[in-house]
Structure formats: structure tokens, C-alpha cells
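These notes concern the structure reproduced below.
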Amino acid sequence: MGPQSRGLMMPVPAGMRPAFGRDRDAMSDLKRTPLYDLHVDLGARMVPFAGYSMPVQFEGVMAEHVQTRQKAGLFDVSHMGQVMLTGASWDAVALAFEAMVPQDVLGLADGRQRYGFFTNAAGGIEDDLMFARRGDALFVVVNAACKDADVARMRAALEPGVTVELIEDRALIAVQGPGAEAVLSGMDAAAAEMRFMDVRDLDLGGVAVWASRSGYTGEDGYELSVPAQAVEGLTKALLDHAEVAPIGLGARDSLRLEAGLCLYGHDMDAETTPTEATLNWAIQKVRRTGGARAGGFPGADVVLAQLADGAARKRVGLLPEGRAPMREGVALFDAAEGGAQVGVVTSGGFGPSVERPVAMAMLDAGAVDQPLWGEVRGKRLPVATAPLPFVAAGFKR
Amino acid sequence: MKFTEEHEWLRVEGDEVVVGITAHAAEQLGDVVFVELPDEGTTVSKDDEVVVIESVKAASDILAPIDGEITEVNSALADNPGMVNDDPQGEAWFFRMTVSDASQMDEFMDEAGYQKFIG
């Protein structure tokens, strides 16, 4: 789907194909999460995504987006990879993992989580991830589309000293939005005691879950790793709350875009460095030049040099001036006519909460403060760079 | 009302036709957030891209169903694209056009045929 397609097409989010016509047959080859039957019962439109049949929408993208910002939304993210790393000691696991990522892993307190990414020898990002310390073990959640490659990468880098277990008997759901705390703390009061990026076990109606206070919507909320056989019952119990509604991948994408969060494979990829992706904040001081454990991860020479000196291009927020959305692939120019291309939109669409088009782009560093035009269907339309996020984060820090 | 395989409806009014998209198409597109209409007076050929319609997630085109001239556009859609979801086969018509070759109308489906087409 894109500007090249002709005629009235039935759109689905970037990277997804519609689920009718011939594609119906292809759906049968797709993997299903433990919540597949419930999604279908709830009337979801299912689409192929990263090898899974996933719900793209239930009630509608706009309504689901607003529901999550104002009340609470429940997301099935069971297609993501859940990986447990264990070894002789916490230090052994953490130090081994530090050889794969530029983050401070060793310094992570028990019960805390961090955002990170695997880098390659050129300093590019192979995938982004969340990692949490559970006692002496490291619990890692990676993107669905990358999980096989990530597991292979971890096995190659970490085994035999560290055991890499892809967890396939647990589902992953997220409850996001300002109403999430009341819903979960009504089932286990300890949920309210968690701060942003805390992890702990909760007992939700007799189901033991691994909870983290995090998500990818810009809202307060929780991600819950749940035994697969218990996830449908727990999901139904959560949806019984008037404040909670099921949310599809469509709204998940518009929520994370408004929150200024990167989508792997779009806003960053193996050719994008952390500094280009504006992710310097995610590299702790101890891993930077002069730190006690500086470098020692793939591409450290490139990454550390860019941390000090900057990069030739960077991810920025964009606000198109008109009503026309500027979507992924729209070229950015420094003049209304002629001029030079200075960047490209990496994610873009309509922001239901800000009620206008929003986008993120990879832009030449020299063009950041210059007037810009995005070329949409052959017309150059004015667009301005803007601070990210587009909506203030609702995290409980 | 006649229907095209491109999920448009055409309503004949005198010498002209009024064109919009079907309720099925509107439902499948999802929340419409942007509509770009052609200039009145534009001469179009069948299958020319005449309208850009963007939903929350993607951009599509509406193709001219027949040859003719655009005589009027529904400019209310530009300010309130959500009308396409609220009343696709009523208030949210897109444009009115002349009919250069009436035989082009023959290939379109009636309502029953369209319902069968979308299955």
C-alpha cells in the first residue's frame, strides 16, 4: 500500500496486507497467538503481521487510540519474542549481554527494566528491545519480526556460558492508559506500588504474571507476561472492566508515533546508528568514552564517536502544515521548487489525539532548522520540524 | 444506484452522475482523515485518479468511473473528512460529473450484484 497503488484500496498499517481475496488463503499459514480465538470472537479484523495473524482493529483505529489515551486499552503483543537469559551469576549474565548492547546491564537493579538495542559492527541497530532483571536472570523482549534472528544472535554470542531460552509457553499482553493502574491494582494492590520501568510478579485473579510498568504508547501502563493457558481468561477478566477495551495494531502504531517512539524497520534499521535515531539517552555513561565499561559492544568505535561528535543525519519530529498526512517514504526538500532532498519521512500519519498529521523523519543535520517541504503525490507541501513527543508522556516515574 | 468494482457508487441525476464510495469501502478504509478533491471543470477519462482519500492508516485514490467533466465537488468533505464514515452513500458524495459515453455505464453492477461481488 502506498502512493504507487491505484484505485480504492483497503488499507492496513505499514508492512501489513489486507485479509481478503487471495490473502485469505495465505492467512492459514500464519501463526496464531493464544488470544486468536478471542480476537475473532470480539470482531477483530485480522491481518498478517510478522508471520502472525494479528488484530489490526476492533472498533476502529481512531476510537481505539482515543480509548487508550483517555481510559485503558488492552493489546495482544504475544507475537513479540520473550527470551530468558540465565547463567552462573547475575554478573556473568549481565557482562555477557553487555558485549551485545551499549547499555548498562550490570548496574540494573533487581526488579528494574531498561530500553536497549543490539548493534552491529557498523554501529547500526539490529533490533530494539526491553530487558529486565529478574533475580540473577535477564528477561529480554524483542520485536516479532526480528525474534528468530535475535535468538540466533544471542545463542551465537552468549552460549554456552549463558543459556538462551526462547519462551514459547507465555503470552504477552499490555494494558495501557490512565485507567490501567486502577484496573490492575484492583486485582493486586502491588500494581500501584510499581514505578515506570519496575518489574515484579503480580497475582491477577490467581494468575501469576510477570509485570512491568511500561509499554509503547506514551501512556502509563503495564506489560504482562502470562502463562499461555491462562491468558484468555485473564484477558476476558480485564476486558470485563468498563474502562478497558481491546486495541489493535493500527492504534498501537498511531499511539507510538504520537509518543515519538521508534518503530524498528521504519524509523531505524541496521543502517541507522543510535545517534542518528536520537537514542543517545539510552546509552548510559558507564558505557560511554571515559566510563568504567566504555565500549565493548559491536560498532562501539562508531557509536562512541557519534555520541561525542554527532551524526550527519538525525531522527526528527515533523508537523505537516496542511491536512494531508506525510507517510513513510515521503521525500523532504529544502525548497518549494528545485533545491535538494534533505531527508525522508520514516513514519507518518494522522495523530488522533493531536488531531492533525504527524510524522518522524531522518533528516540531514544541517536541515533541521531550515524550512522544509514534503513531496506528496508530486506536490511540495510545507512541513516544520517539531519536538518529540507530540503528546506528553503519562509515565508514572 | 450503480456500483463499480472499485467500490464506488454512481447515482444518475438528469444528464449527470453523482459519485461516492460504498459503505463497505468506507468501513474497510477506516477513519477517513483527509480528502483531496479535483478542480471543478476538470475533464477526466475513465480510470484517471481524481480523488485522494486518506484514512488513519493509508492513502488511496478514487478513479474516474467514466469519461466526462467534473461539474461540482463536495467541498464539505475537505473540512470534515469523517463524513465519509458517517454517511458514505448519502451526504458524503465526492463529485458530480457529466457522462461523455453513456455506454460506459452499462458495465456497472446493481446493488444485488455489488453485494455478491463483495461477498
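By convention in this document, the chains of the C-alpha cells carry letters A, B, ... by their order, each chain's residues are numbered from 1, and ligands are numbered from 1 in the order they are shown.
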
Neighbour list for region 106-116 of chain B as a ChimeraX atom specification, cut-off 10 Å, only C-alpha atoms, skip fewer than 4 positions in-chain | /B:1-5,7-10,22,24,65,102

How would you write, as a list of chain:residue names, the set of residues in region 290-357 of chain A that DSSP gives as helix (DSSP H, G or I)?
->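 Assigned to helix (DSSP H, G or I), within region 290-357 of chain A: A:Ala300, A:Asp301, A:Val302, A:Val303, A:Leu304, A:Ala305, A:Gln306, A:Leu307, A:Ala308, A:Asp309.
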
Go through B:Asp48, B:Glu54, B:Glu69, B:Asp31 and flag the residue nearest Met83 (chain B), using only C-alpha atoms for the distances.
->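 Once distances to Met83 (chain B) are computed over only C-alpha atoms, the minimum belongs to B:Asp31.
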
Extract the full set of strand (DSSP E) residues from region 67-169 of chain A according to DSSP on the backbone, and format it as number ranges by chain.
-> A: 72-76, 81-86, 113-119, 125-134, 137-142, 163-166

Hey, which of B:Val33, B:Ala92, B:Val52, B:Val44 ends up closest to Ile21 (chain B)? Count only C-alpha atoms.
->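 Selected residue with least distance to Ile21 (chain B): B:Ala92.
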